[in-house]
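Dumped coords28.tsv below, it's TSV, C-alpha atoms and all ligand atoms:
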chain	number	residue	atom	x	y	z
A	1	MET	CA	73.04	42.85	33.59
A	2	THR	CA	76.35	41.44	32.33
A	3	THR	CA	79.77	42.44	33.64
A	4	ALA	CA	80.26	44.36	30.42
A	5	ASP	CA	77.17	46.44	31.12
A	6	THR	CA	78.31	47.26	34.62
A	7	GLU	CA	81.54	48.76	33.37
A	8	ARG	CA	80.75	50.33	30.03
A	9	VAL	CA	81.43	54.07	29.91
A	10	VAL	CA	79.11	56.14	27.76
A	11	LEU	CA	79.19	59.86	27.03
A	12	ASN	CA	76.09	61.09	25.35
A	13	GLY	CA	76.37	64.67	24.12
A	14	ALA	CA	78.41	65.44	27.24
A	15	SER	CA	79.89	68.93	27.29
A	16	LYS	CA	81.45	71.21	29.84
A	17	THR	CA	81.42	74.98	30.01
A	18	TYR	CA	83.11	76.74	32.91
A	19	GLU	CA	81.59	80.00	34.10
A	20	THR	CA	84.39	82.42	34.81
A	21	ALA	CA	84.60	86.07	35.85
A	22	SER	CA	85.38	86.97	32.22
A	23	GLY	CA	82.57	84.88	30.75
A	24	PRO	CA	81.96	81.25	29.86
A	25	THR	CA	84.81	78.96	28.73
A	26	ILE	CA	83.75	76.01	26.61
A	27	ALA	CA	86.25	73.35	27.70
A	28	LEU	CA	84.60	70.34	26.08
A	29	GLN	CA	82.20	70.39	23.15
A	30	ALA	CA	79.29	67.92	23.06
A	31	THR	CA	80.98	64.53	23.02
A	32	ASP	CA	79.66	61.07	22.19
A	33	LEU	CA	81.91	58.24	23.29
A	34	VAL	CA	81.65	54.59	24.29
A	35	ILE	CA	84.47	52.86	26.14
A	36	GLU	CA	84.13	49.10	26.49
A	37	PRO	CA	85.39	47.20	29.54
A	38	GLY	CA	89.02	46.18	29.22
A	39	GLU	CA	89.94	48.87	26.71
A	40	PHE	CA	93.11	50.91	27.23
A	41	VAL	CA	92.15	54.30	25.86
A	42	CYS	CA	94.80	56.99	25.53
A	43	ILE	CA	93.80	60.62	25.07
A	44	VAL	CA	96.23	63.07	23.46
A	45	GLY	CA	95.82	66.73	22.67
A	46	PRO	CA	97.41	70.11	23.28
A	47	SER	CA	97.49	71.88	26.60
A	48	GLY	CA	94.13	73.37	27.55
A	49	CYS	CA	92.07	71.28	25.10
A	50	GLY	CA	89.90	69.74	27.81
A	51	LYS	CA	91.58	66.41	28.59
A	52	THR	CA	91.49	66.84	32.37
A	53	THR	CA	87.95	68.18	32.09
A	54	LEU	CA	86.90	65.00	30.26
A	55	LEU	CA	88.62	62.84	32.88
A	56	GLN	CA	86.94	64.74	35.69
A	57	LEU	CA	83.56	64.16	34.09
A	58	LEU	CA	84.34	60.43	34.03
A	59	ALA	CA	85.62	60.56	37.61
A	60	GLY	CA	82.49	62.37	38.74
A	61	PHE	CA	84.43	65.34	40.13
A	62	LEU	CA	82.55	67.52	37.64
A	63	ALA	CA	79.03	67.31	36.23
A	64	PRO	CA	78.49	67.89	32.50
A	65	THR	CA	76.88	71.18	31.52
A	66	ASP	CA	74.81	69.32	28.93
A	67	GLY	CA	74.39	65.67	28.05
A	68	VAL	CA	75.09	62.66	30.23
A	69	VAL	CA	78.00	60.55	31.41
A	70	GLU	CA	77.06	56.98	32.28
A	71	VAL	CA	78.92	54.03	33.73
A	72	GLY	CA	77.16	50.71	33.55
A	73	GLY	CA	73.97	52.33	32.32
A	74	LYS	CA	73.71	54.69	35.31
A	75	PRO	CA	74.44	58.42	35.25
A	76	VAL	CA	77.64	59.37	37.05
A	77	LYS	CA	76.59	61.46	40.04
A	78	GLY	CA	79.95	61.80	41.79
A	79	PRO	CA	83.14	59.90	42.55
A	80	ALA	CA	82.73	56.17	43.26
A	81	ALA	CA	84.93	53.23	44.18
A	82	GLU	CA	84.43	51.68	40.73
A	83	ARG	CA	86.44	54.58	39.27
A	84	GLY	CA	89.99	55.11	40.57
A	85	VAL	CA	91.90	58.28	39.71
A	86	VAL	CA	95.69	58.50	39.36
A	87	PHE	CA	96.89	62.10	39.30
A	88	GLN	CA	99.95	63.55	37.64
A	89	ALA	CA	101.73	64.11	40.95
A	90	PRO	CA	101.74	61.21	43.41
A	91	THR	CA	99.13	61.82	46.10
A	92	LEU	CA	100.41	59.88	49.10
A	93	TYR	CA	99.95	60.69	52.79
A	94	PRO	CA	103.46	61.53	54.04
A	95	TRP	CA	102.74	60.44	57.62
A	96	LEU	CA	101.74	56.92	56.57
A	97	THR	CA	104.02	54.15	55.34
A	98	VAL	CA	103.68	53.03	51.73
A	99	ARG	CA	101.63	50.06	52.96
A	100	GLY	CA	99.55	52.39	55.14
A	101	ASN	CA	98.79	54.48	52.07
A	102	VAL	CA	97.76	51.44	50.04
A	103	GLU	CA	95.55	50.17	52.88
A	104	PHE	CA	94.02	53.56	53.61
A	105	GLY	CA	91.07	53.38	51.19
A	106	PRO	CA	90.01	49.85	52.16
A	107	LYS	CA	90.42	50.82	55.86
A	108	VAL	CA	88.12	53.82	55.48
A	109	ARG	CA	85.59	51.58	53.77
A	110	GLY	CA	85.70	49.17	56.73
A	111	VAL	CA	87.50	46.26	55.06
A	112	ALA	CA	88.74	43.87	57.80
A	113	LYS	CA	92.42	44.20	58.76
A	114	ALA	CA	93.57	40.77	57.54
A	115	LYS	CA	91.76	41.25	54.24
A	116	ARG	CA	93.19	44.68	53.54
A	117	ARG	CA	96.71	43.55	54.48
A	118	GLU	CA	96.43	40.71	52.03
A	119	ARG	CA	95.11	43.06	49.33
A	120	ALA	CA	97.87	45.63	49.97
A	121	THR	CA	100.56	42.94	49.80
A	122	GLU	CA	99.16	41.76	46.48
A	123	MET	CA	99.06	45.31	45.06
A	124	LEU	CA	102.56	46.22	46.27
A	125	ASP	CA	103.82	43.04	44.68
A	126	LEU	CA	102.00	43.88	41.44
A	127	VAL	CA	103.72	47.27	41.16
A	128	GLY	CA	107.12	45.89	42.20
A	129	LEU	CA	107.21	47.49	45.66
A	130	ALA	CA	106.94	44.31	47.76
A	131	ASP	CA	110.07	45.26	49.74
A	132	PHE	CA	109.12	48.89	50.30
A	133	GLY	CA	105.85	48.66	52.24
A	134	ASP	CA	107.42	49.89	55.47
A	135	LYS	CA	109.09	52.94	53.94
A	136	ARG	CA	107.67	56.44	54.06
A	137	PRO	CA	106.77	58.05	50.70
A	138	TYR	CA	109.69	60.51	50.95
A	139	GLU	CA	112.10	57.57	51.09
A	140	LEU	CA	111.00	56.49	47.60
A	141	SER	CA	112.08	57.83	44.23
A	142	GLY	CA	109.53	59.74	42.11
A	143	GLY	CA	108.86	56.68	39.95
A	144	MET	CA	108.39	54.49	43.02
A	145	GLN	CA	105.99	57.03	44.53
A	146	GLN	CA	104.03	56.97	41.31
A	147	ARG	CA	103.88	53.15	41.47
A	148	ALA	CA	102.78	53.39	45.12
A	149	GLN	CA	100.00	55.72	44.03
A	150	ILE	CA	98.94	53.22	41.39
A	151	ALA	CA	98.95	50.45	44.06
A	152	ARG	CA	96.83	52.67	46.31
A	153	VAL	CA	94.29	53.20	43.55
A	154	LEU	CA	94.26	49.51	42.54
A	155	ALA	CA	93.76	48.47	46.19
A	156	GLY	CA	90.27	49.93	45.89
A	157	ASP	CA	89.69	47.45	43.03
A	158	PRO	CA	88.21	50.00	40.63
A	159	ALA	CA	86.84	48.59	37.39
A	160	ILE	CA	88.00	51.76	35.65
A	161	VAL	CA	91.33	53.50	36.23
A	162	LEU	CA	91.48	57.13	35.14
A	163	MET	CA	95.04	58.44	34.76
A	164	ASP	CA	95.86	62.11	34.14
A	165	GLU	CA	99.38	62.37	32.69
A	166	PRO	CA	100.69	60.12	35.43
A	167	TYR	CA	104.17	59.91	33.95
A	168	GLY	CA	104.50	63.50	32.78
A	169	ALA	CA	107.06	64.51	35.38
A	170	LEU	CA	109.25	61.42	35.18
A	171	ASP	CA	112.58	60.93	33.43
A	172	ALA	CA	112.51	58.94	30.19
A	173	LEU	CA	113.97	55.72	31.59
A	174	THR	CA	111.61	55.54	34.57
A	175	ARG	CA	108.77	56.39	32.28
A	176	GLU	CA	109.57	53.55	29.90
A	177	ARG	CA	109.76	51.07	32.77
A	178	LEU	CA	106.48	52.24	34.22
A	179	GLN	CA	104.80	52.01	30.82
A	180	VAL	CA	105.67	48.32	30.58
A	181	ASP	CA	104.68	47.82	34.23
A	182	LEU	CA	101.35	49.44	33.55
A	183	LEU	CA	100.67	47.18	30.59
A	184	LYS	CA	101.37	44.17	32.81
A	185	ILE	CA	99.07	45.50	35.53
A	186	TRP	CA	96.37	46.18	32.97
A	187	ARG	CA	96.61	42.65	31.61
A	188	ARG	CA	96.79	40.97	35.02
A	189	ALA	CA	94.17	43.05	36.77
A	190	GLY	CA	91.78	43.21	33.82
A	191	LYS	CA	90.92	46.90	34.15
A	192	THR	CA	89.58	49.53	31.82
A	193	ILE	CA	92.15	52.32	31.61
A	194	VAL	CA	91.74	55.88	30.40
A	195	PHE	CA	95.16	57.48	30.16
A	196	ILE	CA	95.89	61.11	29.30
A	197	THR	CA	99.25	62.02	27.83
A	198	HIS	CA	100.95	64.72	25.78
A	199	SER	CA	103.05	62.07	24.06
A	200	VAL	CA	101.82	60.45	20.84
A	201	GLU	CA	104.49	57.79	21.23
A	202	GLU	CA	103.31	56.91	24.74
A	203	ALA	CA	99.69	56.81	23.54
A	204	VAL	CA	100.45	54.45	20.64
A	205	PHE	CA	102.67	52.22	22.79
A	206	LEU	CA	100.12	51.86	25.60
A	207	GLY	CA	96.72	52.15	24.01
A	208	THR	CA	94.38	49.70	22.37
A	209	ARG	CA	92.75	52.89	21.17
A	210	VAL	CA	93.91	56.50	20.87
A	211	LEU	CA	91.65	59.54	20.92
A	212	VAL	CA	93.04	62.82	19.62
A	213	MET	CA	91.41	66.01	20.86
A	214	SER	CA	91.28	69.32	19.02
A	215	ALA	CA	92.51	72.56	20.53
A	216	ARG	CA	90.03	74.33	22.79
A	217	PRO	CA	87.08	74.08	22.74
A	218	GLY	CA	88.01	70.43	22.81
A	219	ARG	CA	86.35	67.62	20.93
A	220	VAL	CA	87.48	64.19	19.82
A	221	ILE	CA	88.72	64.50	16.25
A	222	VAL	CA	90.39	61.10	15.82
A	223	ASP	CA	89.37	57.77	17.31
A	224	ARG	CA	91.94	55.19	16.22
A	225	ARG	CA	92.20	51.50	17.08
A	226	ILE	CA	95.79	50.44	17.71
A	227	ASP	CA	96.93	47.04	16.49
A	228	LEU	CA	100.62	46.37	16.60
A	229	PRO	CA	102.77	43.39	15.63
A	230	GLY	CA	102.95	40.86	18.43
A	231	ASP	CA	99.66	41.97	20.02
A	232	THR	CA	97.89	38.95	21.46
A	233	GLU	CA	94.91	38.56	23.77
A	234	ASP	CA	97.04	38.14	26.88
A	235	GLY	CA	100.36	39.46	25.63
A	236	VAL	CA	102.03	42.63	26.82
A	237	ARG	CA	103.62	44.93	24.28
A	238	ASP	CA	107.35	44.75	24.24
A	239	PRO	CA	109.38	47.95	23.73
A	240	SER	CA	110.85	46.28	20.61
A	241	VAL	CA	107.56	47.19	18.90
A	242	LEU	CA	108.77	50.83	18.94
A	243	ALA	CA	111.15	49.96	16.10
A	244	THR	CA	108.51	48.46	13.80
A	245	THR	CA	107.19	50.15	10.67
A	246	GLU	CA	103.62	49.72	11.95
A	247	PHE	CA	104.43	51.66	15.11
A	248	THR	CA	106.22	54.43	13.23
A	249	GLU	CA	103.37	54.75	10.74
A	250	LEU	CA	100.68	54.94	13.41
A	251	LYS	CA	102.69	57.54	15.29
A	252	ALA	CA	103.14	59.61	12.13
A	253	GLU	CA	99.45	59.33	11.25
A	254	LEU	CA	98.35	60.59	14.66
A	255	ALA	CA	101.03	63.28	14.83
A	256	GLN	CA	99.82	64.52	11.45
A	257	ALA	CA	96.21	64.62	12.70
A	258	ILE	CA	97.30	66.70	15.69
A	259	TYR	CA	99.36	68.99	13.45
A	260	GLU	CA	96.44	69.54	11.05
A	261	ALA	CA	94.09	70.25	13.94
A	262	HIS	CA	96.33	72.86	15.49
A	263	GLY	CA	98.18	73.95	12.46
B	1	LIG	N1	87.93	75.22	37.07
B	1	LIG	C1	88.02	75.90	35.93
B	1	LIG	N2	87.44	77.11	35.79
B	1	LIG	C2	87.51	77.78	34.63
B	1	LIG	N3	88.14	77.34	33.53
B	1	LIG	C3	88.74	76.15	33.62
B	1	LIG	C4	88.73	75.38	34.80
B	1	LIG	N4	89.41	74.22	34.58
B	1	LIG	C5	89.84	74.28	33.31
B	1	LIG	N5	89.43	75.44	32.73
B	1	LIG	C6	89.67	75.83	31.32
B	1	LIG	O1	89.15	74.81	30.49
B	1	LIG	C7	90.04	74.51	29.43
B	1	LIG	C8	90.40	73.05	29.44
B	1	LIG	O2	91.15	72.78	30.60
B	1	LIG	P1	91.71	71.32	30.95
B	1	LIG	O3	92.36	71.41	32.28
B	1	LIG	O4	90.63	70.33	30.78
B	1	LIG	O5	92.78	71.14	29.78
B	1	LIG	P2	93.88	70.00	29.53
B	1	LIG	O6	93.68	69.47	28.18
B	1	LIG	O7	93.84	69.02	30.65
B	1	LIG	O8	95.25	70.82	29.57
B	1	LIG	P3	96.72	70.35	30.06
B	1	LIG	O9	97.27	69.47	28.99
B	1	LIG	O10	97.47	71.64	30.16
B	1	LIG	O11	96.57	69.67	31.39
B	1	LIG	C9	91.21	75.47	29.58
B	1	LIG	O12	91.01	76.55	28.73
B	1	LIG	C10	91.15	75.91	31.02
B	1	LIG	O13	91.60	77.23	31.16
B	2	MG	MG	95.23	68.50	32.17
Translate the structure described by the file into structure tokens.
Ligand SMILES: Nc1ncnc2c1ncn2[C@@H]1O[C@H](COP(=O)(O)OP(=O)(O)OP(=O)(O)O)[C@@H](O)[C@H]1O
Ligand SMILES: [Mg+2]
Amino acid sequence: MTTADTERVVLNGASKTYETASGPTIALQATDLVIEPGEFVCIVGPSGCGKTTLLQLLAGFLAPTDGVVEVGGKPVKGPAAERGVVFQAPTLYPWLTVRGNVEFGPKVRGVAKAKRRERATEMLDLVGLADFGDKRPYELSGGMQQRAQIARVLAGDPAIVLMDEPYGALDALTRERLQVDLLKIWRRAGKTIVFITHSVEEAVFLGTRVLVMSARPGRVIVDRRIDLPGDTEDGVRDPSVLATTEFTELKAELAQAIYEAHG
């Protein structure tokens, strides 16, 4: 089995229906999807269209009602270290230092102290928090907490990072900085990223591919590859790309698709 096989994400007719007191809710219609290792896939769609449901199927927090979700050719049976999840709100233990939070996962998994210290130092450095390891989460700004959460997830060395509107609650400036940081992390760490957002602009700026979902019951209605000027194999997109015609046109195309879907 090649590395590619071990990380490829495949949804085969995967759907999710929630049983509720007032009857079934179809959150995700039967979905076929392949995500190759190293892709940065952004998912956009209106509130309640099933984005989080899709992410939770990938994370293994939920099982599909029908169909299968596979990673590396094996059905997803639950959460696993190969798949890290970054939630919208930072999930840090308040009684641990930032470094303690980043080391927590490896510690639980029995990684030796020296090894996990080294790994945590590397991750804190990667997210620009090298000088903040000894702080408590409440001593950090919201954006820094979010970066600490990303370091915590990356410390587990997941092949796939699943992010559910991680920047939704941040101010525009912090958000823009973290977007560029995330692109650098993605390039340096060589991960597959699935990133949910409400923002078409964010999706086009970050993604190598953007999926647009229809209103509930959700399904993928657009699957668009994103190529922008200046994109190179190991380059990181520069915010200057936001001013290019190509960027504006892609954004308009996807915004139109969302508008037509929800009318
Ligand atoms: N645990 C649950 N039980 C019952 N229904 C649920 C449950 N979770 C989600 N739903 C329903 O499934 C649909 C999709 O929800 P989901 O959270 O996946 O949407 P979303 O696209 O992530 O929305 P948002 O952008 O607001 O986060 C919604 O109609 C929601 O009410
Ligand atoms: Mg959601």
* To do: Write out as a PyMOL selection string each polymer residue whose atoms come within 9 Å of Leu92 (chain A), counting all atoms listed in the file; drop sequence neighbours fewer than 4 positions from it.
  => chain A and resi 96+98+101-102+137+145+148-149+152
* To do: Could you tell me how far CA of Thr248 (chain A) lies from CA of Gly45 (chain A), in Å and to one decimal?
  =>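 Calculated distance between CA of Thr248 (chain A) and CA of Gly45 (chain A) is 18.7 Å.
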* Surrounding residues of Gly156 (chain A) excluding itself and chain neighbours under 2 positions, 12 Å, all atoms listed in the file, as a VMD selection string -> chain A and resid 80 to 85 101 to 111 116 119 to 120 123 149 to 154 158 to 161
Output file for the selection above: C-alpha atoms, as a CSV table (one decimal), in the coordinates of the input:
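Below you can see selection_28.csv, which holds the result:
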chain,number,residue,atom,x,y,z
A,80,ALA,CA,82.7,56.2,43.3
A,81,ALA,CA,84.9,53.2,44.2
A,82,GLU,CA,84.4,51.7,40.7
A,83,ARG,CA,86.4,54.6,39.3
A,84,GLY,CA,90.0,55.1,40.6
A,85,VAL,CA,91.9,58.3,39.7
A,101,ASN,CA,98.8,54.5,52.1
A,102,VAL,CA,97.8,51.4,50.0
A,103,GLU,CA,95.6,50.2,52.9
A,104,PHE,CA,94.0,53.6,53.6
A,105,GLY,CA,91.1,53.4,51.2
A,106,PRO,CA,90.0,49.8,52.2
A,107,LYS,CA,90.4,50.8,55.9
A,108,VAL,CA,88.1,53.8,55.5
A,109,ARG,CA,85.6,51.6,53.8
A,110,GLY,CA,85.7,49.2,56.7
A,111,VAL,CA,87.5,46.3,55.1
A,116,ARG,CA,93.2,44.7,53.5
A,119,ARG,CA,95.1,43.1,49.3
A,120,ALA,CA,97.9,45.6,50.0
A,123,MET,CA,99.1,45.3,45.1
A,149,GLN,CA,100.0,55.7,44.0
A,150,ILE,CA,98.9,53.2,41.4
A,151,ALA,CA,99.0,50.4,44.1
A,152,ARG,CA,96.8,52.7,46.3
A,153,VAL,CA,94.3,53.2,43.6
A,154,LEU,CA,94.3,49.5,42.5
A,158,PRO,CA,88.2,50.0,40.6
A,159,ALA,CA,86.8,48.6,37.4
A,160,ILE,CA,88.0,51.8,35.6
A,161,VAL,CA,91.3,53.5,36.2
* Near Ala169 (chain A), within 12 Å and counting all atoms listed in the file, which residues show up once chain neighbours fewer than 6 positions away are dropped, as a list in words? -> Phe87, Gln88, Ala89, Pro90, Gly142, Gly143, Gln145, Gln146, Arg175, Thr197 and His198 of chain A
* If you measure from CA of Glu201 (chain A) to atom C7 of ligand LIG 1 (chain B), what distance in Å do you get, rounded to one decimal? ->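 Separation between CA of Glu201 (chain A) and atom C7 of ligand LIG 1 (chain B): 23.6 Å.
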* To do: Tell me which of A:Thr17, A:Thr174, A:Thr192, A:Thr31 sits closest to ligand LIG 1 (chain B), counting only C-alpha atoms and all ligand atoms.
  =>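 Closest residue, counting only C-alpha atoms and all ligand atoms: A:Thr17.
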* To do: May I ask for the distance between CA of Asp66 (chain A) and CA of Arg216 (chain A), given in Å to one decimal place?
  =>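 That distance, rounded to one decimal, is 17.2 Å.
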* Please write out the residues within 10 Å of ligand LIG 1 (chain B) as JSON, numbers by chain, counting all atoms listed in the file. => {"A": [16, 17, 18, 19, 20, 21, 22, 23, 24, 25, 26, 27, 28, 43, 44, 45, 46, 47, 48, 49, 50, 51, 52, 53, 54, 55, 56, 57, 62, 88, 164, 165, 196, 197, 198, 213, 214, 215, 216, 217, 218]}
Applying 7 Å and only C-alpha atoms, which residues near Ala30 (chain A) remain after dropping the ones on its own chain fewer than 4 positions away? List them as a short mmCIF file (atom, residue, chain, number, x, y, z; two decimals) with C-alpha atoms, in the coordinates of the input.
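Just written: selection16.cif:
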data_model
loop_
_atom_site.label_atom_id
_atom_site.label_comp_id
_atom_site.auth_asym_id
_atom_site.auth_seq_id
_atom_site.Cartn_x
_atom_site.Cartn_y
_atom_site.Cartn_z
CA GLY A 13 76.37 64.67 24.12
CA ALA A 14 78.41 65.44 27.24
CA SER A 15 79.89 68.93 27.29
#
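Among A:Leu250, A:Cys42, A:Ala130, A:Ala243, the residue with the shortest atom-to-atom distance to Ser199 (chain A), counting all atoms listed in the file, is A:Cys42.
Each of A:Lys74, A:Thr97, A:Gln256, A:Val180 was checked against Ser240 (chain A) using only C-alpha atoms; the smallest atom-to-atom distance is that of A:Val180.
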* Out of A:Ala252, A:Ala257, A:Pro166, A:Asp181, which residue has the shortest atom-to-atom distance to ligand MG 2 (chain B) when counting only C-alpha atoms and all ligand atoms? ->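 Among A:Ala252, A:Ala257, A:Pro166, A:Asp181, it is A:Pro166 that comes nearest to ligand MG 2 (chain B).
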* May I ask which of the residues A:Met163, A:Val71, A:Ile221, A:Ala203 is the closest one to ligand MG 2 (chain B), counting only C-alpha atoms and all ligand atoms? =>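 Between A:Met163, A:Val71, A:Ile221, A:Ala203, the residue approaching ligand MG 2 (chain B) most closely is A:Met163.
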* To do: For Leu58 (chain A), work out the shell of residues within 8 Å, counting only C-alpha atoms and skipping chain neighbours fewer than 4 positions away, then give it as an MDAnalysis selection string.
  => chainID A and resid 54 69 76 162
* To do: Name the closest residue to Val222 (chain A) among the candidates A:Leu242, A:Val34, A:Ala172, A:Ile258; distances are taken between atoms, counting all atoms listed in the file.
  =>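 The answer is A:Ile258, which sits nearest to Val222 (chain A).
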* Asked: Around (103.0, 43.5, 19.4) in the file's frame, which residues reach within 10 Å when counting all atoms listed in the file? Return as a VMD selection string?
  -> chain A and resid 205 227 to 232 235 to 242 244 246 to 247
